[in-house]
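Source file: final09.txt. Holds: compact mmCIF, C-alpha atoms and all ligand atoms.
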# COMPACT_ATOMS: atom_id res chain seq x y z
CA MET I 114 -110.31 -64.44 -139.65
CA GLN I 115 -110.52 -60.66 -139.60
CA MET I 116 -113.94 -59.05 -139.56
CA SER I 117 -115.01 -58.27 -143.08
CA PRO I 118 -117.44 -55.55 -144.05
CA PRO I 119 -120.68 -56.81 -145.58
CA GLY I 120 -120.54 -57.32 -149.30
CA ILE I 121 -116.91 -58.37 -149.44
CA ASN I 122 -116.47 -61.84 -150.87
CA LEU I 123 -114.00 -64.49 -149.81
CA MET I 124 -111.50 -63.66 -152.54
CA GLU I 125 -111.38 -60.06 -151.34
CA VAL I 126 -110.97 -61.09 -147.71
CA ARG I 127 -108.06 -63.27 -148.75
CA HIS I 128 -106.53 -60.37 -150.64
CA VAL I 129 -106.94 -58.00 -147.70
CA ASN I 130 -105.43 -60.57 -145.31
CA LYS I 131 -102.48 -61.00 -147.63
CA HIS I 132 -101.84 -57.26 -147.64
CA SER I 133 -102.12 -57.20 -143.86
CA VAL I 134 -99.43 -59.87 -143.56
CA VAL I 135 -97.11 -57.93 -145.86
CA ARG I 136 -97.79 -54.71 -144.03
CA ALA I 137 -97.17 -56.27 -140.62
CA LEU I 138 -93.84 -57.76 -141.75
CA HIS I 139 -92.84 -54.44 -143.30
CA GLU I 140 -93.78 -52.33 -140.31
CA GLN I 141 -92.74 -54.64 -137.51
CA GLY I 142 -89.91 -56.62 -139.07
CA ALA I 143 -89.44 -60.40 -139.27
CA MET I 144 -91.95 -62.60 -137.45
CA THR I 145 -92.76 -66.26 -136.97
CA LYS I 146 -96.03 -67.64 -138.35
CA GLN I 147 -97.34 -67.82 -134.79
CA GLU I 148 -96.50 -64.16 -134.19
CA ILE I 149 -98.23 -63.12 -137.42
CA SER I 150 -101.26 -65.16 -136.41
CA ARG I 151 -101.42 -63.44 -133.01
CA THR I 152 -100.71 -59.93 -134.36
CA LEU I 153 -103.36 -60.06 -137.08
CA ASN I 154 -105.84 -62.30 -135.29
CA LEU I 155 -105.76 -64.77 -138.17
CA SER I 156 -105.84 -68.54 -137.81
CA LEU I 157 -102.47 -70.28 -138.08
CA ALA I 158 -103.78 -72.31 -141.03
CA THR I 159 -104.62 -69.06 -142.90
CA VAL I 160 -101.18 -67.61 -142.15
CA VAL I 161 -99.48 -70.78 -143.38
CA THR I 162 -101.36 -70.56 -146.71
CA LEU I 163 -100.74 -66.83 -147.15
CA ILE I 164 -97.02 -67.13 -146.35
CA LYS I 165 -96.75 -69.96 -148.88
CA GLU I 166 -98.38 -67.82 -151.58
CA LEU I 167 -96.35 -64.71 -150.74
CA THR I 168 -93.14 -66.74 -150.79
CA GLU I 169 -93.99 -68.13 -154.23
CA GLU I 170 -94.71 -64.59 -155.44
CA GLY I 171 -91.28 -63.44 -154.23
CA ILE I 172 -92.69 -60.91 -151.73
CA VAL I 173 -91.85 -62.76 -148.52
CA GLU I 174 -88.88 -64.98 -147.66
CA GLN I 175 -87.60 -67.03 -144.79
CA GLY I 176 -85.31 -65.00 -142.55
CA GLU I 177 -82.41 -66.09 -140.42
CA LEU I 178 -83.18 -68.70 -137.78
CA LEU I 179 -83.65 -67.28 -134.31
CA ALA I 180 -81.54 -68.48 -131.40
CA SER I 181 -83.46 -71.05 -129.45
CA THR I 182 -83.28 -72.14 -125.84
CA GLY I 183 -83.73 -75.73 -126.93
CA GLY I 184 -85.67 -77.81 -129.39
CA ARG I 185 -86.33 -76.63 -132.93
CA LYS I 186 -85.23 -73.14 -133.88
CA PRO I 187 -88.20 -70.90 -134.71
CA VAL I 188 -88.42 -69.87 -138.36
CA VAL I 189 -89.13 -66.21 -139.07
CA TYR I 190 -90.45 -64.60 -142.25
CA GLN I 191 -89.59 -61.20 -143.66
CA ILE I 192 -90.31 -59.07 -146.71
CA VAL I 193 -87.99 -59.48 -149.71
CA GLY I 194 -86.14 -56.17 -149.96
CA ASN I 195 -85.84 -56.22 -153.72
CA ALA I 196 -89.54 -56.97 -154.24
CA LYS I 197 -89.92 -53.20 -154.55
CA LEU I 198 -87.29 -50.80 -155.85
CA SER I 199 -87.29 -47.14 -156.75
CA LEU I 200 -84.92 -44.54 -158.13
CA GLY I 201 -84.16 -41.07 -156.86
CA VAL I 202 -82.58 -38.80 -159.45
CA ALA I 203 -81.16 -35.59 -158.00
CA LEU I 204 -80.42 -32.84 -160.51
CA THR I 205 -78.33 -29.77 -159.79
CA GLY I 206 -76.67 -27.18 -161.98
CA HIS I 207 -73.60 -29.37 -162.36
CA HIS I 208 -74.43 -32.95 -161.37
CA ILE I 209 -76.78 -35.87 -161.75
CA ARG I 210 -76.90 -38.15 -158.71
CA ILE I 211 -78.88 -41.36 -158.87
CA ALA I 212 -79.72 -43.73 -156.02
CA LEU I 213 -81.45 -47.08 -156.36
CA VAL I 214 -83.14 -48.02 -153.09
CA ASN I 215 -85.13 -51.09 -152.09
CA TRP I 216 -88.13 -51.72 -149.89
CA LYS I 217 -85.91 -52.34 -146.86
CA HIS I 218 -84.31 -48.89 -147.30
CA GLU I 219 -81.10 -50.50 -148.55
CA VAL I 220 -79.17 -48.40 -151.05
CA ILE I 221 -78.40 -50.82 -153.88
CA GLU I 222 -76.56 -48.49 -156.22
CA LYS I 223 -75.27 -44.91 -156.25
CA TYR I 224 -74.16 -43.11 -159.34
CA ARG I 225 -72.86 -39.60 -159.99
CA GLU I 226 -72.04 -37.74 -163.14
CA LYS I 227 -70.78 -34.22 -163.71
CA ILE I 228 -72.99 -32.58 -166.31
CA THR I 229 -74.29 -29.03 -166.67
CA TYR I 230 -78.06 -28.65 -166.48
CA SER I 231 -79.96 -27.19 -169.37
CA ASN I 232 -83.66 -27.46 -170.03
CA SER I 233 -83.02 -29.03 -173.43
CA GLU I 234 -84.07 -32.20 -175.16
CA THR I 235 -80.42 -33.32 -175.26
CA TYR I 236 -80.09 -33.00 -171.48
CA TRP I 237 -83.32 -34.83 -170.64
CA ARG I 238 -82.59 -37.55 -173.19
CA HIS I 239 -79.20 -38.03 -171.52
CA VAL I 240 -80.85 -38.31 -168.08
CA TYR I 241 -83.26 -40.86 -169.54
CA GLN I 242 -80.37 -42.93 -170.87
CA GLU I 243 -78.57 -42.84 -167.51
CA VAL I 244 -81.73 -43.97 -165.71
CA MET I 245 -82.18 -46.83 -168.18
CA LYS I 246 -78.53 -47.80 -167.77
CA VAL I 247 -78.94 -48.22 -164.00
CA LEU I 248 -82.19 -50.18 -164.38
CA LYS I 249 -80.65 -52.46 -166.98
CA LYS I 250 -77.44 -53.02 -165.02
CA GLU I 251 -79.39 -54.03 -161.92
CA ARG I 252 -81.85 -56.08 -164.00
CA ILE I 253 -84.81 -54.12 -162.69
CA THR I 254 -88.12 -55.09 -164.26
CA SER I 255 -91.48 -53.35 -164.35
CA ARG I 256 -92.65 -56.02 -161.90
CA ASN I 257 -90.57 -54.77 -158.97
CA PHE I 258 -89.86 -51.17 -160.02
CA VAL I 259 -92.32 -48.73 -158.44
CA GLY I 260 -91.19 -45.44 -159.94
CA LEU I 261 -88.69 -42.62 -160.04
CA ASN I 262 -88.55 -39.29 -158.31
CA PHE I 263 -86.61 -36.29 -159.63
CA VAL I 264 -85.06 -33.99 -157.06
CA ILE I 265 -84.91 -30.35 -158.13
CA ASP I 266 -85.15 -26.88 -156.63
CA GLY I 267 -88.83 -26.28 -156.28
CA ASN I 268 -91.37 -24.54 -154.10
CA ILE I 269 -93.68 -26.77 -152.12
CA ILE I 270 -97.36 -26.16 -152.70
CA PRO I 271 -99.11 -25.95 -149.32
CA ASP I 272 -101.19 -29.02 -148.48
CA ALA I 273 -100.32 -30.69 -151.78
CA GLY I 274 -98.55 -34.05 -151.97
CA TYR I 275 -94.78 -34.09 -152.12
CA GLU I 276 -95.01 -34.73 -155.85
CA ASP I 277 -96.49 -31.29 -156.46
CA ILE I 278 -93.85 -28.59 -156.59
CA ILE I 279 -93.25 -25.49 -158.67
CA PRO I 280 -89.79 -25.63 -160.27
CA VAL I 281 -87.66 -22.59 -159.35
CA GLY I 282 -84.11 -21.32 -159.79
CA ILE I 283 -82.38 -22.94 -162.74
CA PHE I 284 -85.45 -25.19 -163.19
CA ASP I 285 -87.81 -22.23 -163.52
CA GLY I 286 -90.24 -22.81 -166.39
CA LEU I 287 -89.63 -26.56 -166.60
CA ASP I 288 -92.71 -28.38 -167.87
CA VAL I 289 -92.60 -31.54 -165.73
CA SER I 290 -95.41 -33.19 -167.69
CA VAL I 291 -93.16 -33.36 -170.77
CA ILE I 292 -90.51 -35.22 -168.76
CA LYS I 293 -93.06 -37.54 -167.16
CA ASP I 294 -94.30 -38.51 -170.62
CA MET I 295 -90.83 -39.81 -171.52
CA TYR I 296 -91.17 -42.67 -169.02
CA LEU I 297 -93.53 -45.60 -168.77
CA CYS I 298 -93.29 -45.78 -164.96
CA PRO I 299 -94.70 -43.34 -162.38
CA VAL I 300 -92.52 -40.19 -162.29
CA TYR I 301 -92.54 -37.49 -159.60
CA PHE I 302 -90.68 -34.26 -158.93
CA CYS I 303 -89.82 -33.21 -155.38
CA ASN I 304 -88.12 -30.45 -153.43
CA SER I 305 -84.39 -31.04 -152.98
CA VAL I 306 -84.01 -30.21 -149.29
CA LYS I 307 -87.15 -32.07 -148.23
CA ALA I 308 -86.02 -35.13 -150.20
CA ALA I 309 -82.64 -34.97 -148.44
CA ALA I 310 -84.35 -34.80 -145.05
CA TYR I 311 -86.61 -37.68 -146.05
CA SER I 312 -83.55 -39.92 -146.37
CA ASN I 313 -83.54 -39.95 -142.57
CA VAL I 314 -87.17 -40.63 -141.68
CA GLY I 315 -86.15 -44.16 -140.68
CA LYS I 316 -87.71 -47.52 -141.40
CA LEU I 317 -91.35 -48.16 -140.63
CA SER I 318 -90.31 -50.34 -137.70
CA SER I 319 -88.01 -47.63 -136.27
CA ARG I 320 -89.16 -44.15 -137.25
CA ASN I 321 -86.80 -41.29 -136.53
CA THR I 322 -87.21 -38.06 -134.60
CA CYS I 323 -84.58 -35.38 -135.22
CA VAL I 324 -83.87 -32.03 -136.79
CA TYR I 325 -82.20 -32.59 -140.13
CA ILE I 326 -80.00 -29.81 -141.46
CA GLN I 327 -78.42 -30.06 -144.86
CA PHE I 328 -75.08 -28.35 -145.41
CA ASP I 329 -74.81 -28.43 -149.17
CA ARG I 330 -74.82 -25.73 -151.84
CA THR I 331 -78.09 -24.74 -150.22
CA VAL I 332 -78.76 -24.97 -146.50
CA GLY I 333 -82.12 -26.17 -145.28
CA GLY I 334 -83.80 -29.06 -143.61
CA ALA I 335 -86.86 -30.36 -141.87
CA VAL I 336 -88.06 -31.34 -138.44
CA ILE I 337 -88.71 -35.07 -138.48
CA ALA I 338 -91.09 -36.24 -135.77
CA ASN I 339 -91.73 -39.96 -135.60
CA GLY I 340 -90.97 -40.38 -139.29
CA THR I 341 -93.04 -37.49 -140.62
CA PHE I 342 -92.30 -33.82 -141.20
CA TRP I 343 -93.58 -31.24 -138.78
CA GLY I 344 -95.44 -28.23 -140.05
CA LEU I 345 -98.71 -27.15 -141.51
CA SER I 346 -97.64 -27.45 -145.11
CA ASN I 347 -94.44 -29.53 -145.19
CA ARG I 348 -92.41 -26.33 -145.18
CA THR I 349 -90.77 -26.32 -141.76
CA GLY I 350 -87.02 -26.28 -141.58
CA GLU I 351 -85.98 -23.42 -143.83
CA PHE I 352 -82.97 -23.05 -141.56
CA GLY I 353 -80.84 -21.66 -144.35
CA HIS I 354 -82.78 -18.42 -144.27
CA MET I 355 -82.57 -17.77 -140.54
CA TYR I 356 -80.84 -14.47 -139.91
CA PHE I 357 -77.31 -15.28 -138.79
CA GLY I 358 -75.27 -12.09 -138.89
CA GLU I 359 -74.14 -9.05 -140.80
CA ASN I 360 -71.91 -10.27 -143.55
CA ASN I 361 -73.50 -8.22 -146.33
CA LYS I 362 -73.73 -11.31 -148.49
CA LYS I 363 -76.92 -11.53 -150.50
CA CYS I 364 -78.70 -14.84 -150.20
CA GLN I 365 -80.66 -16.48 -153.04
CA CYS I 366 -83.85 -15.51 -151.15
CA GLY I 367 -82.96 -11.84 -151.61
CA ASN I 368 -82.13 -11.11 -147.97
CA TYR I 369 -78.71 -10.49 -146.44
CA GLY I 370 -76.94 -12.41 -143.71
CA CYS I 371 -78.89 -15.70 -143.96
CA LEU I 372 -77.31 -18.83 -142.44
CA GLN I 373 -76.89 -20.16 -145.99
CA THR I 374 -74.43 -17.36 -146.77
CA TYR I 375 -72.27 -18.64 -143.87
CA CYS I 376 -72.68 -22.40 -144.07
CA SER I 377 -73.27 -23.30 -147.72
CA SER I 378 -70.59 -25.61 -149.15
CA ASP I 379 -70.08 -22.86 -151.73
CA VAL I 380 -68.57 -20.71 -148.97
CA ILE I 381 -65.64 -23.15 -148.89
CA ARG I 382 -65.43 -23.16 -152.70
CA GLU I 383 -65.52 -19.37 -152.94
CA GLU I 384 -63.07 -18.67 -150.14
CA SER I 385 -60.56 -21.33 -151.18
CA GLY I 386 -61.08 -21.32 -154.95
CA MET I 387 -61.07 -25.12 -154.75
CA GLU I 388 -63.38 -28.08 -155.02
CA LEU I 389 -64.17 -29.75 -151.67
CA GLU I 390 -61.96 -32.81 -152.22
CA ASP I 391 -58.94 -30.64 -153.03
CA PHE I 392 -59.67 -28.29 -150.15
CA PHE I 393 -59.75 -31.10 -147.59
CA ARG I 394 -56.61 -32.67 -149.01
CA GLU I 395 -54.87 -29.35 -148.34
CA ILE I 396 -56.37 -29.18 -144.83
CA GLU I 397 -55.07 -32.65 -144.05
CA GLN I 398 -51.63 -31.58 -145.21
CA GLY I 399 -51.79 -28.68 -142.76
CA ASN I 400 -52.31 -25.70 -145.10
CA LYS I 401 -52.51 -22.90 -142.50
CA LYS I 402 -54.22 -20.31 -144.73
CA LEU I 403 -57.01 -22.70 -145.63
CA MET I 404 -57.26 -23.89 -142.04
CA SER I 405 -58.58 -20.47 -141.02
CA VAL I 406 -61.32 -20.77 -143.70
CA TRP I 407 -62.22 -24.19 -142.31
CA ASN I 408 -62.14 -23.09 -138.68
CA SER I 409 -64.50 -20.21 -139.26
CA TYR I 410 -66.82 -22.43 -141.33
CA LYS I 411 -66.82 -25.06 -138.57
CA LYS I 412 -67.59 -22.40 -135.95
CA ASN I 413 -70.66 -21.30 -137.91
CA VAL I 414 -71.86 -24.89 -138.29
CA ILE I 415 -71.49 -25.45 -134.54
CA GLN I 416 -73.51 -22.32 -133.78
CA ALA I 417 -76.25 -23.36 -136.20
CA VAL I 418 -76.44 -26.87 -134.68
CA TYR I 419 -76.39 -25.43 -131.17
CA ASN I 420 -79.29 -23.08 -131.98
CA LEU I 421 -81.36 -25.95 -133.35
CA ARG I 422 -80.68 -27.98 -130.22
CA VAL I 423 -81.82 -25.08 -128.01
CA ILE I 424 -85.03 -24.64 -129.99
CA PHE I 425 -86.05 -28.26 -130.50
CA ASP I 426 -84.36 -30.30 -127.73
CA ILE I 427 -84.01 -33.33 -130.00
CA ASN I 428 -81.12 -34.88 -131.94
CA VAL I 429 -79.66 -32.77 -134.71
CA MET I 430 -78.57 -34.58 -137.84
CA ILE I 431 -76.11 -33.07 -140.30
CA GLY I 432 -76.60 -34.06 -143.94
CA GLY I 433 -75.65 -33.00 -147.41
CA GLU I 434 -72.30 -32.94 -149.18
CA MET I 435 -70.50 -31.39 -146.18
CA ALA I 436 -71.63 -34.23 -143.85
CA PRO I 437 -68.79 -36.72 -144.56
CA TYR I 438 -66.18 -33.94 -144.18
CA LEU I 439 -67.69 -32.57 -140.97
CA LYS I 440 -67.86 -36.12 -139.62
CA ARG I 441 -64.05 -36.26 -139.68
CA TRP I 442 -64.17 -33.61 -136.93
CA GLU I 443 -67.01 -35.35 -135.10
CA GLU I 444 -65.28 -35.59 -131.72
CA GLU I 445 -64.21 -31.95 -131.77
CA LEU I 446 -67.70 -30.76 -132.76
CA LYS I 447 -69.33 -32.88 -130.07
CA GLU I 448 -66.90 -31.65 -127.43
CA ILE I 449 -67.62 -27.99 -128.19
CA LEU I 450 -71.37 -28.68 -128.24
CA ARG I 451 -71.08 -30.39 -124.87
CA ILE I 452 -69.34 -27.33 -123.42
CA LEU I 453 -71.99 -25.02 -124.88
CA ASP I 454 -74.93 -27.17 -123.77
CA ILE I 455 -77.29 -25.09 -121.64
CA TYR I 456 -78.50 -28.18 -119.82
CA GLN I 457 -74.94 -29.14 -118.89
CA GLU I 458 -75.74 -32.70 -119.91
CA GLN I 459 -72.99 -34.85 -121.36
CA LYS I 460 -75.34 -35.87 -124.11
CA ASP I 461 -74.36 -36.53 -127.71
CA TYR I 462 -77.20 -35.16 -129.77
CA LEU I 463 -75.20 -34.60 -132.95
CA GLN I 464 -75.68 -37.17 -135.71
CA PHE I 465 -74.52 -37.50 -139.30
CA SER I 466 -76.52 -38.67 -142.25
CA ASN I 467 -74.88 -41.58 -144.09
CA GLY I 468 -76.02 -40.50 -147.54
CA GLY I 469 -74.01 -37.25 -147.68
CA GLU I 470 -74.26 -35.78 -151.16
CA PHE I 471 -76.72 -38.60 -152.07
CA ASP I 472 -79.21 -37.70 -149.30
CA GLY I 473 -81.56 -36.07 -151.85
CA ALA I 474 -81.54 -38.99 -154.30
CA ILE I 475 -81.95 -41.57 -151.51
CA GLY I 476 -84.77 -39.62 -149.84
CA ALA I 477 -86.59 -39.18 -153.15
CA ALA I 478 -86.44 -42.92 -153.83
CA LEU I 479 -87.78 -43.61 -150.32
CA MET I 480 -90.66 -41.18 -150.94
CA VAL I 481 -91.80 -43.28 -153.91
CA LEU I 482 -91.64 -46.49 -151.86
CA GLN I 483 -93.60 -44.81 -149.07
CA LYS I 484 -96.23 -43.66 -151.55
CA GLU I 485 -96.54 -47.20 -152.86
CA ASP I 486 -97.04 -48.53 -149.34
CA GLU I 487 -99.65 -45.86 -148.61
CA ASP I 488 -101.56 -46.84 -151.74
CA ASP I 489 -101.54 -50.40 -150.41
CA ILE I 490 -102.86 -49.14 -147.08
CA GLU I 491 -105.63 -47.24 -148.91
CA PHE I 492 -106.60 -50.52 -150.50
CA ILE I 493 -106.84 -52.27 -147.15
CA LYS I 494 -109.07 -49.53 -145.76
ZN ZN G 1 -81.91 -16.49 -147.46

Once you've parsed the file, please lay out its structure as structure tokens.
Ligand SMILES: [Zn+2]
Amino acid sequence: MQMSPPGINLMEVRHVNKHSVVRALHEQGAMTKQEISRTLNLSLATVVTLIKELTEEGIVEQGELLASTGGRKPVVYQIVGNAKLSLGVALTGHHIRIALVNWKHEVIEKYREKITYSNSETYWRHVYQEVMKVLKKERITSRNFVGLNFVIDGNIIPDAGYEDIIPVGIFDGLDVSVIKDMYLCPVYFCNSVKAAAYSNVGKLSSRNTCVYIQFDRTVGGAVIANGTFWGLSNRTGEFGHMYFGENNKKCQCGNYGCLQTYCSSDVIREESGMELEDFFREIEQGNKKLMSVWNSYKKNVIQAVYNLRVIFDINVMIGGEMAPYLKRWEEELKEILRILDIYQEQKDYLQFSNGGEFDGAIGAALMVLQKEDEDDIEFIK
């Protein structure tokens, strides 16, 4: 049995041990009862009882049988992914994107709707109905639903939690407390680019280290080091506002020549007069005029990625709505990056986020799950 501080009774010890088992399975993946016993320094009899209780509560389940060299196959136990679920709801000027994610970081449902944002009761009521629709469709109950996180343009408050942001841009003046009051579950609001980057922090058992750069309507990112963001105040990675050249295009930050004015997905929209899907259909059909737009866009992306590689010397991950399109040219991009590489190493450091345009919604949902786990950890302390 684990050491217990004086004054803690047996019931509490049992509760703490139970949390430790859940935490170990979540952080380290599936384990046998013997492995749990060794890892947590608990007696096998205690582990057997706790696993039985957690299984009955629907938090832990038997995993796949391991290959055995002979005799009985060892039985492993793992957390039930759907024991905890959360929603990320990304709002932009023209879209709502919703992602339902479970405890195992599996994306259960993605949903997108084209709708113009307005800070009106009608709009927020509509969002509420869409959220309820997803929860109902997936039969989510208050028992396994841990909360929802809205993704908007907002300034991060230094040293505050991710749930504290000041709405800016089209969301300027939004009273988030009014929206929170509409829901019975915990509701948060987070910064869009940081949420997108968060979609790639990796599972607890395999935390990620990379530079994430989002090529979307806005360009930005974060430096992810072992699953957490670098920086003094969660604000590293404003790559979109690095000075990139003299194009005399005013950026939303007020300066001219920012990377965002070269690599935003809106550059494609403005220069082609088309939506992305239509643009890439034309490219695939060999439209020469549009090909020059695409080639110059691609060149700028390569330079941005190359610069990040030179600065950070870690993998660079492309995310956002341009990610699935850029991925179609993956080999070409990697080849050019290999030629440019100052270290002359034949190393592939370029990666692509799977979420694409849903990166923000997925990351926001993961933030809520992470917060829930941290609260559990607080309890154990
Ligand atoms: Zn800027």

Distance of atom CA of Val214 of chain I from atom CA of Gln242 of chain I, expressed in Å to one decimal place: 18.7 Å

Å distance separating atom CA of Gly282 of chain I from atom CA of Ile265 of chain I, one decimal place: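 Taking atom CA of Gly282 of chain I as the start and atom CA of Ile265 of chain I as the end point, the length is 9.2 Å.
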
Closest of I:Thr331, I:Gln147, I:Gln483, I:Asn408 to ligand ZN 1 (chain G) - atom-to-atom distances counting all atoms listed in the file: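 Among the listed residues, the smallest separation from ligand ZN 1 (chain G) belongs to I:Thr331.
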
Could I get the residues of chain I with an atom no further than 10 Å from an atom of ligand ZN 1 (chain G), each paired with its nearest atom pair and that distance in Å to one decimal, using all atoms listed in the file, sorted by chain and residue number, as a Markdown table?
| residue | atom | partner | partner_atom | distance |
| --- | --- | --- | --- | --- |
| I:Thr331 | CA | G:ZN1 | ZN | 9.5 |
| I:Val332 | CA | G:ZN1 | ZN | 9.1 |
| I:Gly333 | CA | G:ZN1 | ZN | 9.9 |
| I:Glu351 | CA | G:ZN1 | ZN | 8.8 |
| I:Phe352 | CA | G:ZN1 | ZN | 8.9 |
| I:Gly353 | CA | G:ZN1 | ZN | 6.1 |
| I:His354 | CA | G:ZN1 | ZN | 3.8 |
| I:Met355 | CA | G:ZN1 | ZN | 7.1 |
| I:Tyr356 | CA | G:ZN1 | ZN | 7.9 |
| I:Phe357 | CA | G:ZN1 | ZN | 9.9 |
| I:Lys362 | CA | G:ZN1 | ZN | 9.7 |
| I:Lys363 | CA | G:ZN1 | ZN | 7.7 |
| I:Cys364 | CA | G:ZN1 | ZN | 4.5 |
| I:Gln365 | CA | G:ZN1 | ZN | 5.7 |
| I:Cys366 | CA | G:ZN1 | ZN | 4.3 |
| I:Gly367 | CA | G:ZN1 | ZN | 6.3 |
| I:Asn368 | CA | G:ZN1 | ZN | 5.4 |
| I:Tyr369 | CA | G:ZN1 | ZN | 6.9 |
| I:Gly370 | CA | G:ZN1 | ZN | 7.4 |
| I:Cys371 | CA | G:ZN1 | ZN | 4.7 |
| I:Leu372 | CA | G:ZN1 | ZN | 7.2 |
| I:Gln373 | CA | G:ZN1 | ZN | 6.4 |
| I:Thr374 | CA | G:ZN1 | ZN | 7.6 |

Cut-off 7 Å around (-84.0, -56.3, -149.9) with all atoms listed in the file: residues as a ChimeraX atom specification: /I:193-195,215-217,219

From I:Arg348, I:Lys197, I:Arg151, I:Arg330, residue lying nearest Asn304 of chain I [only C-alpha atoms]: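 Among the listed residues, the smallest separation from Asn304 of chain I belongs to I:Arg348.
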
Skip Pro299 of chain I itself and residues of its chain fewer than 2 positions away, then list as a PDB file with C-alpha atoms, in the coordinates of the input all residues within 7 Å of it, counting only C-alpha atoms.
ATOM      1  CA  GLY I 260     -91.190 -45.440-159.940  1.00  0.00           C
ATOM      2  CA  LEU I 261     -88.690 -42.620-160.040  1.00  0.00           C
ATOM      3  CA  LEU I 297     -93.530 -45.600-168.770  1.00  0.00           C
ATOM      4  CA  TYR I 301     -92.540 -37.490-159.600  1.00  0.00           C
TER       5      TYR I 301
END

Closest of I:Gly476, I:Gly315, I:Gly286, I:Gly340 to Ile211 of chain I - atom-to-atom distances counting all atoms listed in the file: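 Nearest to Ile211 of chain I: I:Gly476.
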
Test item: which residues lie within 12 Å of (-69.7, -34.4, -132.6) counting all atoms listed in the file, as JSON, numbers by chain: {"I": [411, 414, 415, 418, 419, 428, 429, 430, 431, 436, 439, 440, 441, 442, 443, 444, 445, 446, 447, 448, 449, 450, 451, 452, 459, 460, 461, 462, 463, 464, 465]}

Nearest to Ser305 of chain I, chosen from I:Asn257, I:Ser133, I:Ser318, I:Thr205, with all atoms listed in the file counted in the distances: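 Using all atoms listed in the file, the shortest distance to Ser305 of chain I belongs to I:Thr205.
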
Option closest in space to Asp266 of chain I, from I:Ile396, I:Val306, I:Val291, I:Met245 [counting all atoms listed in the file]: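 So, comparing all the options, the nearest one is I:Val306.
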
Å distance separating atom CA of Arg127 of chain I from atom CA of Ile172 of chain I, one decimal place: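 So the answer is 15.8 Å.
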
Val380 of chain I environment, 10 Å, only C-alpha atoms, sequence neighbours closer than 4 positions dropped, as a ChimeraX atom specification: /I:329-330,373-376,384-386,406-407,410

Close residues, Gly350 of chain I itself excluded, 12 Å, all atoms listed in the file, min 5 positions apart in chain, as a list in words: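 Listing them by chain and then by number gives Val306, Lys307, Ala309, Ala310, Cys323, Val324, Tyr325, Ile326, Gln327, Val332, Gly333, Gly334, Ala335, Val336, Ile337, Phe342, Trp343, Gly344, Leu345, Met355, Leu421, Ile424, Phe425 and Val429 of chain I.
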
Nearest residue to Gly176 of chain I from the set I:Thr159, I:Gly358, I:Thr145, I:Ser199 (distances using only C-alpha atoms): I:Thr145

Within 12 Å of Glu148 of chain I using only C-alpha atoms, minus same-chain residues under 3 positions, as a ChimeraX atom specification: /I:134,137-138,141-145,151-157,160-161,187-190

Output as JSON the centre and edge lengths (Å, one decimal) of the box along x, y and z of the file that holds every listed atom of segment 122-127 of chain I after adding 4 Å on each side.
{"center_x": -112.3, "center_y": -62.3, "center_z": -150.1, "size_x": 16.4, "size_y": 12.4, "size_z": 12.8}

Spatial neighbours of Phe392 of chain I, max dist 12 Å, all atoms listed in the file, sep filter under 4 positions, as a list in words: Ser378, Asp379, Val380, Ile381, Arg382, Glu383, Glu384, Ser385, Gly386, Met387, Glu388, Ile396, Glu397, Gln398, Gly399, Asn400, Lys401, Lys402, Leu403, Met404, Val406, Trp407, Met435 and Tyr438 of chain I

Reconstructed N, CA and C atoms for segment 475-484 of chain I, given as an mmCIF file, in the coordinates of the input:
data_model
loop_
_atom_site.group_PDB
_atom_site.id
_atom_site.type_symbol
_atom_site.label_atom_id
_atom_site.label_comp_id
_atom_site.auth_asym_id
_atom_site.auth_seq_id
_atom_site.Cartn_x
_atom_site.Cartn_y
_atom_site.Cartn_z
ATOM 1 N N ILE I 475 -81.473 -40.462 -152.352
ATOM 2 C CA ILE I 475 -81.950 -41.570 -151.510
ATOM 3 C C ILE I 475 -83.344 -41.251 -150.944
ATOM 4 N N GLY I 476 -83.480 -40.029 -150.415
ATOM 5 C CA GLY I 476 -84.770 -39.620 -149.840
ATOM 6 C C GLY I 476 -85.880 -39.651 -150.872
ATOM 7 N N ALA I 477 -85.579 -39.211 -152.090
ATOM 8 C CA ALA I 477 -86.590 -39.180 -153.150
ATOM 9 C C ALA I 477 -87.049 -40.592 -153.495
ATOM 10 N N ALA I 478 -86.095 -41.523 -153.542
ATOM 11 C CA ALA I 478 -86.440 -42.920 -153.830
ATOM 12 C C ALA I 478 -87.327 -43.476 -152.710
ATOM 13 N N LEU I 479 -86.981 -43.130 -151.462
ATOM 14 C CA LEU I 479 -87.780 -43.610 -150.320
ATOM 15 C C LEU I 479 -89.200 -43.044 -150.362
ATOM 16 N N MET I 480 -89.325 -41.796 -150.834
ATOM 17 C CA MET I 480 -90.660 -41.180 -150.940
ATOM 18 C C MET I 480 -91.568 -41.998 -151.852
ATOM 19 N N VAL I 481 -91.007 -42.493 -152.961
ATOM 20 C CA VAL I 481 -91.800 -43.280 -153.910
ATOM 21 C C VAL I 481 -92.240 -44.597 -153.262
ATOM 22 N N LEU I 482 -91.301 -45.235 -152.541
ATOM 23 C CA LEU I 482 -91.640 -46.490 -151.860
ATOM 24 C C LEU I 482 -92.725 -46.267 -150.811
ATOM 25 N N GLN I 483 -92.603 -45.155 -150.101
ATOM 26 C CA GLN I 483 -93.600 -44.810 -149.070
ATOM 27 C C GLN I 483 -94.971 -44.605 -149.714
ATOM 28 N N LYS I 484 -94.970 -43.939 -150.848
ATOM 29 C CA LYS I 484 -96.230 -43.660 -151.550
ATOM 30 C C LYS I 484 -96.888 -44.984 -151.985
#
